[in-house]
Amino acid sequence: MKTLASIAGAALAAVLAAAVSACSGPAAATGAGQETTELRYQGSANNVTLPELAQDLGFLGDVKLVWVGNTTSGPQDIQSAATSQTDFGGAFTGAVVKLAEAGAPVKAVVNYYGEDEKTFNGFYVKDDSPIRTARDLIGRKVAVNTLGAHSEAVLDTWLEKNGLTPEEIRQVQLVVLPPNDTEEAVRRGQVDVGVLGGVLQDNAVAGGGLRSLFSDYALFGAFAGGQYVFRSDFIAKNPDTVRAFTTGVAKAIEWERTTPRETVIERFTQIIEKRNRGESTKNLKYWKSVGVPRAGIITDTDFTRWDAWLNRAGIVGGPVTPSKYYTNEFNDLAKG
């Protein structure tokens, strides 16, 4: 698949060099042997992440989150964790594998996003677009939020399942756009297809004039899409903190799943308003579901689902070995 950019070798080497030399980050606790109780992280503008919800609900115990900024890219988020710019990050499963295969010492501990019948990513075209089938995408432009991540893997898988050859798939051009700009780019004809999810999808559909080509939920059914990771050295030095975080996120997932939608939205609104980051809460009304299966418990299937794409992309050579990349050891809701 033709892309505008990729993680360059030199940049990746710098990431890994920093990861090897990085310390575990500043510790809030004092004294030898005490664990870090502050976790630096990147958030998401106008949204409430699962760790933020877990903290607000008291599920993190003594562990405190320290916000250092926002990100719209999973690969960037986990690279920040790998290089000790943050303490944890979340990304698409394939991006986690890519970073680990490149030598970054990271381990996934809990699923944090997923797709279901209510919450999914759709690939949208204009109503009058001639694009109707996978083959119609040859030579076309598709807007994604980042390369080497969820949307690219889903699109590649869909094209392959619909009979396109590797050479034909490479003729589909990926264009990186911020999610907030994707809808407008499709409407103006700057790209032929745009990936939309969450409130951006709902707003776009409500505006009319767009048609869904396919969705990741239609392709796979309900599934977990990505994981939060920590550096291996951080886990070794701070196992209780990692356990508090992981189990807290798992509890937040179950809270979202079992709490009335109106109550969830009300809680999100309160969190955003009191953190005072100059954000908007108007899109929260579109929230539908957490999308993450079974308390964030990671399974082998979460990784093997992408086996074919990982091999076609040259990220792995042969069958994926899921146990290399994740552990459920720190998710107390996974026990029993």
# chains A, B, ... in the order shown; residues from 1 in each chain; ligands from 1
call {"tool": "residues_around", "arguments": {"residues": "segment 167-178 of chain A", "least_positions_apart": "4", "cutoff": "12 Å", "atoms": "only C-alpha atoms", "output": "PDB file with C-alpha atoms, in the first residue's frame"}}
result
ATOM      1  CA  MET A   1       0.000   0.000   0.000  1.00  0.00           C
ATOM      2  CA  LYS A   2       1.451   3.355  -1.007  1.00  0.00           C
ATOM      3  CA  THR A   3       1.913   5.628   2.012  1.00  0.00           C
ATOM      4  CA  LEU A   4       3.037   9.215   2.431  1.00  0.00           C
ATOM      5  CA  ALA A   5       5.447   8.353   5.207  1.00  0.00           C
ATOM      6  CA  SER A   6       6.536   5.625   7.595  1.00  0.00           C
ATOM      7  CA  THR A  71      -2.070  12.910  21.273  1.00  0.00           C
ATOM      8  CA  THR A  72      -4.158  11.716  18.319  1.00  0.00           C
ATOM      9  CA  SER A  73      -1.695   8.994  17.302  1.00  0.00           C
ATOM     10  CA  ALA A 134     -12.820  -2.726  -2.852  1.00  0.00           C
ATOM     11  CA  ARG A 135     -11.516  -2.731  -6.416  1.00  0.00           C
ATOM     12  CA  ASP A 136     -12.825   0.810  -6.895  1.00  0.00           C
ATOM     13  CA  LEU A 137     -10.199   1.998  -4.399  1.00  0.00           C
ATOM     14  CA  ILE A 138      -7.275   1.261  -6.694  1.00  0.00           C
ATOM     15  CA  GLY A 139      -5.565   4.597  -7.365  1.00  0.00           C
ATOM     16  CA  ARG A 140      -7.736   6.400  -4.785  1.00  0.00           C
ATOM     17  CA  LYS A 141      -6.825   8.357  -1.643  1.00  0.00           C
ATOM     18  CA  VAL A 142      -7.919   7.225   1.815  1.00  0.00           C
ATOM     19  CA  ALA A 143      -7.562   9.533   4.836  1.00  0.00           C
ATOM     20  CA  VAL A 144      -6.322   7.931   8.074  1.00  0.00           C
ATOM     21  CA  ASN A 145      -5.194   9.505  11.334  1.00  0.00           C
ATOM     22  CA  THR A 146      -1.755   7.848  11.289  1.00  0.00           C
ATOM     23  CA  LEU A 147       0.215   5.238   9.380  1.00  0.00           C
ATOM     24  CA  GLY A 148       0.940   1.706  10.506  1.00  0.00           C
ATOM     25  CA  ALA A 149      -2.054   1.596  12.809  1.00  0.00           C
ATOM     26  CA  SER A 151      -7.185   1.969   9.983  1.00  0.00           C
ATOM     27  CA  GLU A 152      -4.354   0.883   7.701  1.00  0.00           C
ATOM     28  CA  ALA A 153      -4.503  -2.705   8.972  1.00  0.00           C
ATOM     29  CA  LEU A 155      -8.251  -1.420   5.144  1.00  0.00           C
ATOM     30  CA  ASP A 156      -5.457  -3.751   4.016  1.00  0.00           C
ATOM     31  CA  THR A 157      -7.332  -6.748   5.431  1.00  0.00           C
ATOM     32  CA  TRP A 158     -10.597  -5.705   3.745  1.00  0.00           C
ATOM     33  CA  LEU A 159      -8.899  -5.208   0.393  1.00  0.00           C
ATOM     34  CA  GLU A 160      -7.162  -8.586   0.620  1.00  0.00           C
ATOM     35  CA  LYS A 161     -10.370 -10.363   1.629  1.00  0.00           C
ATOM     36  CA  ASN A 162     -12.084  -8.806  -1.390  1.00  0.00           C
ATOM     37  CA  GLY A 163      -9.586 -10.219  -3.844  1.00  0.00           C
ATOM     38  CA  THR A 182     -11.216  14.085   7.747  1.00  0.00           C
ATOM     39  CA  GLU A 183     -14.911  14.750   7.177  1.00  0.00           C
ATOM     40  CA  GLU A 184     -14.274  18.066   5.458  1.00  0.00           C
ATOM     41  CA  ALA A 185     -11.548  16.545   3.284  1.00  0.00           C
ATOM     42  CA  VAL A 186     -14.004  13.909   2.034  1.00  0.00           C
ATOM     43  CA  GLN A 190      -9.458  16.207  -1.309  1.00  0.00           C
ATOM     44  CA  VAL A 191      -9.575  12.493  -0.480  1.00  0.00           C
ATOM     45  CA  ASP A 192     -11.875   9.799  -1.781  1.00  0.00           C
ATOM     46  CA  VAL A 193     -12.458   7.945   1.500  1.00  0.00           C
ATOM     47  CA  GLY A 194     -12.153   8.969   5.129  1.00  0.00           C
ATOM     48  CA  VAL A 195     -12.079   6.915   8.306  1.00  0.00           C
ATOM     49  CA  LEU A 196     -14.470   8.238  10.932  1.00  0.00           C
ATOM     50  CA  LEU A 200     -16.775  12.607  14.520  1.00  0.00           C
ATOM     51  CA  TRP A 309      -1.315  -7.956   7.730  1.00  0.00           C
ATOM     52  CA  ARG A 312       2.455  -8.471   4.496  1.00  0.00           C
ATOM     53  CA  ALA A 313       3.745  -5.281   6.115  1.00  0.00           C
TER      54      ALA A 313
END
call {"tool": "select_by_dssp", "arguments": {"residues": "segment 198-251 of chain A", "states": "alpha helix (DSSP H)", "output": "PDB file with N, CA and C atoms, in the first residue's frame"}}
result
ATOM      1  N   GLY A 198     -16.535   7.338  16.446  1.00  0.00           N
ATOM      2  CA  GLY A 198     -16.970   8.104  17.605  1.00  0.00           C
ATOM      3  C   GLY A 198     -17.842   9.286  17.242  1.00  0.00           C
ATOM      4  N   VAL A 199     -17.648  10.386  17.980  1.00  0.00           N
ATOM      5  CA  VAL A 199     -18.485  11.564  17.770  1.00  0.00           C
ATOM      6  C   VAL A 199     -18.256  12.192  16.405  1.00  0.00           C
ATOM      7  N   LEU A 200     -17.038  12.053  15.843  1.00  0.00           N
ATOM      8  CA  LEU A 200     -16.775  12.607  14.520  1.00  0.00           C
ATOM      9  C   LEU A 200     -17.604  11.880  13.470  1.00  0.00           C
ATOM     10  N   GLN A 201     -17.753  10.584  13.632  1.00  0.00           N
ATOM     11  CA  GLN A 201     -18.604   9.806  12.736  1.00  0.00           C
ATOM     12  C   GLN A 201     -20.060  10.228  12.853  1.00  0.00           C
ATOM     13  N   ASP A 202     -20.527  10.347  14.095  1.00  0.00           N
ATOM     14  CA  ASP A 202     -21.927  10.706  14.317  1.00  0.00           C
ATOM     15  C   ASP A 202     -22.251  12.085  13.757  1.00  0.00           C
ATOM     16  N   ASN A 203     -21.358  13.041  13.981  1.00  0.00           N
ATOM     17  CA  ASN A 203     -21.566  14.381  13.441  1.00  0.00           C
ATOM     18  C   ASN A 203     -21.607  14.364  11.918  1.00  0.00           C
ATOM     19  N   ALA A 204     -20.694  13.605  11.316  1.00  0.00           N
ATOM     20  CA  ALA A 204     -20.618  13.550   9.860  1.00  0.00           C
ATOM     21  C   ALA A 204     -21.870  12.913   9.265  1.00  0.00           C
ATOM     22  N   VAL A 205     -22.304  11.802   9.854  1.00  0.00           N
ATOM     23  CA  VAL A 205     -23.494  11.117   9.359  1.00  0.00           C
ATOM     24  C   VAL A 205     -24.727  12.006   9.512  1.00  0.00           C
ATOM     25  N   ALA A 206     -24.809  12.711  10.653  1.00  0.00           N
ATOM     26  CA  ALA A 206     -25.947  13.588  10.898  1.00  0.00           C
ATOM     27  C   ALA A 206     -26.007  14.725   9.876  1.00  0.00           C
ATOM     28  N   ASP A 216     -15.040  -1.592  10.351  1.00  0.00           N
ATOM     29  CA  ASP A 216     -14.245  -2.654  10.966  1.00  0.00           C
ATOM     30  C   ASP A 216     -15.133  -3.645  11.715  1.00  0.00           C
ATOM     31  N   TYR A 217     -16.255  -3.169  12.265  1.00  0.00           N
ATOM     32  CA  TYR A 217     -17.174  -4.088  12.942  1.00  0.00           C
ATOM     33  C   TYR A 217     -17.811  -5.056  11.942  1.00  0.00           C
ATOM     34  N   ALA A 218     -18.176  -4.553  10.769  1.00  0.00           N
ATOM     35  CA  ALA A 218     -18.738  -5.424   9.746  1.00  0.00           C
ATOM     36  C   ALA A 218     -17.719  -6.459   9.284  1.00  0.00           C
ATOM     37  N   LEU A 219     -16.442  -6.091   9.332  1.00  0.00           N
ATOM     38  CA  LEU A 219     -15.378  -6.988   8.878  1.00  0.00           C
ATOM     39  C   LEU A 219     -15.061  -8.068   9.899  1.00  0.00           C
ATOM     40  N   PHE A 220     -15.000  -7.686  11.172  1.00  0.00           N
ATOM     41  CA  PHE A 220     -14.530  -8.610  12.208  1.00  0.00           C
ATOM     42  C   PHE A 220     -15.563  -8.970  13.272  1.00  0.00           C
ATOM     43  N   SER A 232       9.169  -2.420  30.134  1.00  0.00           N
ATOM     44  CA  SER A 232       9.430  -3.588  30.963  1.00  0.00           C
ATOM     45  C   SER A 232      10.186  -3.220  32.232  1.00  0.00           C
ATOM     46  N   ASP A 233      11.107  -2.261  32.135  1.00  0.00           N
ATOM     47  CA  ASP A 233      11.853  -1.867  33.334  1.00  0.00           C
ATOM     48  C   ASP A 233      10.945  -1.159  34.327  1.00  0.00           C
ATOM     49  N   PHE A 234       9.973  -0.409  33.827  1.00  0.00           N
ATOM     50  CA  PHE A 234       9.024   0.271  34.711  1.00  0.00           C
ATOM     51  C   PHE A 234       8.179  -0.755  35.449  1.00  0.00           C
ATOM     52  N   ILE A 235       7.730  -1.778  34.737  1.00  0.00           N
ATOM     53  CA  ILE A 235       6.930  -2.832  35.364  1.00  0.00           C
ATOM     54  C   ILE A 235       7.727  -3.534  36.449  1.00  0.00           C
ATOM     55  N   ALA A 236       8.987  -3.825  36.153  1.00  0.00           N
ATOM     56  CA  ALA A 236       9.827  -4.537  37.127  1.00  0.00           C
ATOM     57  C   ALA A 236      10.031  -3.734  38.400  1.00  0.00           C
ATOM     58  N   LYS A 237      10.150  -2.415  38.272  1.00  0.00           N
ATOM     59  CA  LYS A 237      10.400  -1.564  39.432  1.00  0.00           C
ATOM     60  C   LYS A 237       9.120  -1.157  40.150  1.00  0.00           C
ATOM     61  N   PRO A 239       5.678  -2.881  40.180  1.00  0.00           N
ATOM     62  CA  PRO A 239       4.600  -3.844  39.895  1.00  0.00           C
ATOM     63  C   PRO A 239       3.276  -3.505  40.562  1.00  0.00           C
ATOM     64  N   ASP A 240       3.312  -2.957  41.771  1.00  0.00           N
ATOM     65  CA  ASP A 240       2.063  -2.627  42.459  1.00  0.00           C
ATOM     66  C   ASP A 240       1.361  -1.451  41.782  1.00  0.00           C
ATOM     67  N   THR A 241       2.146  -0.485  41.308  1.00  0.00           N
ATOM     68  CA  THR A 241       1.573   0.653  40.593  1.00  0.00           C
ATOM     69  C   THR A 241       0.952   0.204  39.277  1.00  0.00           C
ATOM     70  N   VAL A 242       1.643  -0.669  38.572  1.00  0.00           N
ATOM     71  CA  VAL A 242       1.107  -1.195  37.317  1.00  0.00           C
ATOM     72  C   VAL A 242      -0.173  -1.983  37.578  1.00  0.00           C
ATOM     73  N   ARG A 243      -0.194  -2.739  38.667  1.00  0.00           N
ATOM     74  CA  ARG A 243      -1.397  -3.500  39.005  1.00  0.00           C
ATOM     75  C   ARG A 243      -2.560  -2.562  39.326  1.00  0.00           C
ATOM     76  N   ALA A 244      -2.288  -1.509  40.086  1.00  0.00           N
ATOM     77  CA  ALA A 244      -3.339  -0.554  40.426  1.00  0.00           C
ATOM     78  C   ALA A 244      -3.890   0.105  39.170  1.00  0.00           C
ATOM     79  N   PHE A 245      -3.002   0.473  38.260  1.00  0.00           N
ATOM     80  CA  PHE A 245      -3.429   1.095  37.007  1.00  0.00           C
ATOM     81  C   PHE A 245      -4.251   0.125  36.167  1.00  0.00           C
ATOM     82  N   THR A 246      -3.707  -1.064  35.943  1.00  0.00           N
ATOM     83  CA  THR A 246      -4.342  -2.034  35.054  1.00  0.00           C
ATOM     84  C   THR A 246      -5.708  -2.466  35.568  1.00  0.00           C
ATOM     85  N   THR A 247      -5.773  -2.793  36.837  1.00  0.00           N
ATOM     86  CA  THR A 247      -7.042  -3.211  37.419  1.00  0.00           C
ATOM     87  C   THR A 247      -8.019  -2.046  37.473  1.00  0.00           C
ATOM     88  N   GLY A 248      -7.509  -0.838  37.724  1.00  0.00           N
ATOM     89  CA  GLY A 248      -8.376   0.344  37.723  1.00  0.00           C
ATOM     90  C   GLY A 248      -8.997   0.592  36.364  1.00  0.00           C
ATOM     91  N   VAL A 249      -8.201   0.448  35.298  1.00  0.00           N
ATOM     92  CA  VAL A 249      -8.726   0.597  33.941  1.00  0.00           C
ATOM     93  C   VAL A 249      -9.770  -0.482  33.657  1.00  0.00           C
ATOM     94  N   ALA A 250      -9.489  -1.715  34.076  1.00  0.00           N
ATOM     95  CA  ALA A 250     -10.448  -2.811  33.881  1.00  0.00           C
ATOM     96  C   ALA A 250     -11.769  -2.514  34.587  1.00  0.00           C
ATOM     97  N   LYS A 251     -11.688  -1.970  35.786  1.00  0.00           N
ATOM     98  CA  LYS A 251     -12.906  -1.620  36.521  1.00  0.00           C
ATOM     99  C   LYS A 251     -13.653  -0.486  35.831  1.00  0.00           C
TER     100      LYS A 251
END
call {"tool": "residues_around", "arguments": {"residues": "Leu65 of chain A", "least_positions_apart": "3", "cutoff": "9 Å", "atoms": "only C-alpha atoms", "output": "list of chain:residue names"}}
result
A:Thr37, A:Glu38, A:Leu39, A:Arg40, A:Tyr41, A:Pro51, A:Glu52, A:Gln55
call {"tool": "select_by_dssp", "arguments": {"residues": "segment 30-210 of chain A", "states": "strand (DSSP E or B)", "output": "NGL selection string"}}
result
:A and (38-43 or 64-70 or 88-92 or 106-115 or 121-126 or 141-144 or 173-176 or 193-197 or 210)
call {"tool": "residues_around", "arguments": {"residues": "segment 109-117 of chain A", "least_positions_apart": "4", "cutoff": "8 Å", "atoms": "only C-alpha atoms", "output": "ChimeraX atom specification"}}
result
/A:50,90,121,216-217,221-230,246,249-250,290-293,296-298,326-331
call {"tool": "residues_around", "arguments": {"residues": "Ser280 of chain A", "least_positions_apart": "2", "cutoff": "10 Å", "atoms": "only C-alpha atoms", "output": "list in words"}}
result
Ala45, Asn46, Asn47, Thr269, Ile272, Glu273, Arg277, Gly278, Lys282, Asn283 and Leu284 of chain A
call {"tool": "write_last_selection", "arguments": {"atoms": "N, CA, C and O atoms", "output": "JSON list (two decimals), in the first residue's frame"}}
result
[["chain", "number", "residue", "atom", "x", "y", "z"],
["A", 45, "ALA", "N", -8.06, 15.35, 23.56],
["A", 45, "ALA", "CA", -8.86, 16.57, 23.70],
["A", 45, "ALA", "C", -10.35, 16.28, 23.56],
["A", 45, "ALA", "O", -10.77, 15.52, 22.69],
["A", 46, "ASN", "N", -11.13, 16.89, 24.45],
["A", 46, "ASN", "CA", -12.59, 16.79, 24.45],
["A", 46, "ASN", "C", -13.11, 15.39, 24.75],
["A", 46, "ASN", "O", -14.28, 15.09, 24.54],
["A", 47, "ASN", "N", -12.23, 14.52, 25.24],
["A", 47, "ASN", "CA", -12.59, 13.16, 25.57],
["A", 47, "ASN", "C", -12.10, 12.79, 26.96],
["A", 47, "ASN", "O", -11.20, 13.44, 27.51],
["A", 269, "THR", "N", -18.76, 14.65, 31.44],
["A", 269, "THR", "CA", -18.92, 16.10, 31.40],
["A", 269, "THR", "C", -18.29, 16.75, 32.63],
["A", 269, "THR", "O", -17.56, 17.75, 32.52],
["A", 272, "ILE", "N", -14.38, 16.62, 32.38],
["A", 272, "ILE", "CA", -13.82, 17.59, 31.44],
["A", 272, "ILE", "C", -13.93, 19.01, 31.98],
["A", 272, "ILE", "O", -12.98, 19.81, 31.88],
["A", 273, "GLU", "N", -15.05, 19.33, 32.57],
["A", 273, "GLU", "CA", -15.25, 20.70, 33.07],
["A", 273, "GLU", "C", -14.31, 21.02, 34.22],
["A", 273, "GLU", "O", -13.75, 22.13, 34.29],
["A", 277, "ARG", "N", -9.24, 22.52, 30.82],
["A", 277, "ARG", "CA", -8.28, 22.56, 29.71],
["A", 277, "ARG", "C", -8.84, 23.30, 28.50],
["A", 277, "ARG", "O", -8.29, 23.22, 27.41],
["A", 278, "GLY", "N", -9.93, 24.05, 28.69],
["A", 278, "GLY", "CA", -10.51, 24.80, 27.60],
["A", 278, "GLY", "C", -11.14, 23.91, 26.54],
["A", 278, "GLY", "O", -11.10, 24.25, 25.34],
["A", 282, "LYS", "N", -19.69, 19.31, 24.09],
["A", 282, "LYS", "CA", -20.91, 19.18, 23.28],
["A", 282, "LYS", "C", -21.01, 17.84, 22.56],
["A", 282, "LYS", "O", -22.11, 17.35, 22.28],
["A", 283, "ASN", "N", -19.86, 17.22, 22.25],
["A", 283, "ASN", "CA", -19.90, 15.97, 21.51],
["A", 283, "ASN", "C", -20.09, 14.74, 22.39],
["A", 283, "ASN", "O", -20.27, 13.63, 21.88],
["A", 284, "LEU", "N", -20.06, 14.94, 23.70],
["A", 284, "LEU", "CA", -20.23, 13.80, 24.59],
["A", 284, "LEU", "C", -21.61, 13.15, 24.42],
["A", 284, "LEU", "O", -21.77, 11.96, 24.70]]
call {"tool": "residues_around", "arguments": {"residues": "Val316 of chain A", "least_positions_apart": "6", "cutoff": "9 Å", "atoms": "only C-alpha atoms", "output": "PyMOL selection string"}}
result
chain A and resi 97-98+101+307+310
call {"tool": "write_last_selection", "arguments": {"atoms": "N, CA and C atoms", "output": "PDB file, in the first residue's frame"}}
result
ATOM      1  N   VAL A  97       2.954  -4.466  18.339  1.00  0.00           N
ATOM      2  CA  VAL A  97       3.833  -5.517  17.817  1.00  0.00           C
ATOM      3  C   VAL A  97       5.015  -4.902  17.074  1.00  0.00           C
ATOM      4  N   LYS A  98       4.740  -3.899  16.253  1.00  0.00           N
ATOM      5  CA  LYS A  98       5.802  -3.258  15.470  1.00  0.00           C
ATOM      6  C   LYS A  98       6.872  -2.658  16.364  1.00  0.00           C
ATOM      7  N   GLU A 101       8.772  -5.544  18.101  1.00  0.00           N
ATOM      8  CA  GLU A 101       9.631  -6.257  17.158  1.00  0.00           C
ATOM      9  C   GLU A 101      10.860  -5.438  16.781  1.00  0.00           C
ATOM     10  N   ASP A 307      -2.330 -11.284  11.971  1.00  0.00           N
ATOM     11  CA  ASP A 307      -1.182 -12.059  11.518  1.00  0.00           C
ATOM     12  C   ASP A 307      -0.861 -11.800  10.042  1.00  0.00           C
ATOM     13  N   LEU A 310       0.398  -8.197   9.448  1.00  0.00           N
ATOM     14  CA  LEU A 310       1.732  -8.012  10.022  1.00  0.00           C
ATOM     15  C   LEU A 310       2.802  -8.636   9.138  1.00  0.00           C
TER      16      LEU A 310
END
call {"tool": "closest_residue", "arguments": {"among": "A:Thr49, A:Thr93, A:Val68, A:Trp287", "to": "Thr301 of chain A", "atoms": "only C-alpha atoms"}}
result
A:Thr93
call {"tool": "closest_residue", "arguments": {"among": "A:Asn238, A:Asn311, A:Ser212, A:Ser323", "to": "Glu35 of chain A", "atoms": "only C-alpha atoms"}}
result
A:Asn238
call {"tool": "atom_distance", "arguments": {"atom1": "atom CA of Asp127 of chain A", "atom2": "atom CA of Leu213 of chain A"}}
result
10.1 Å
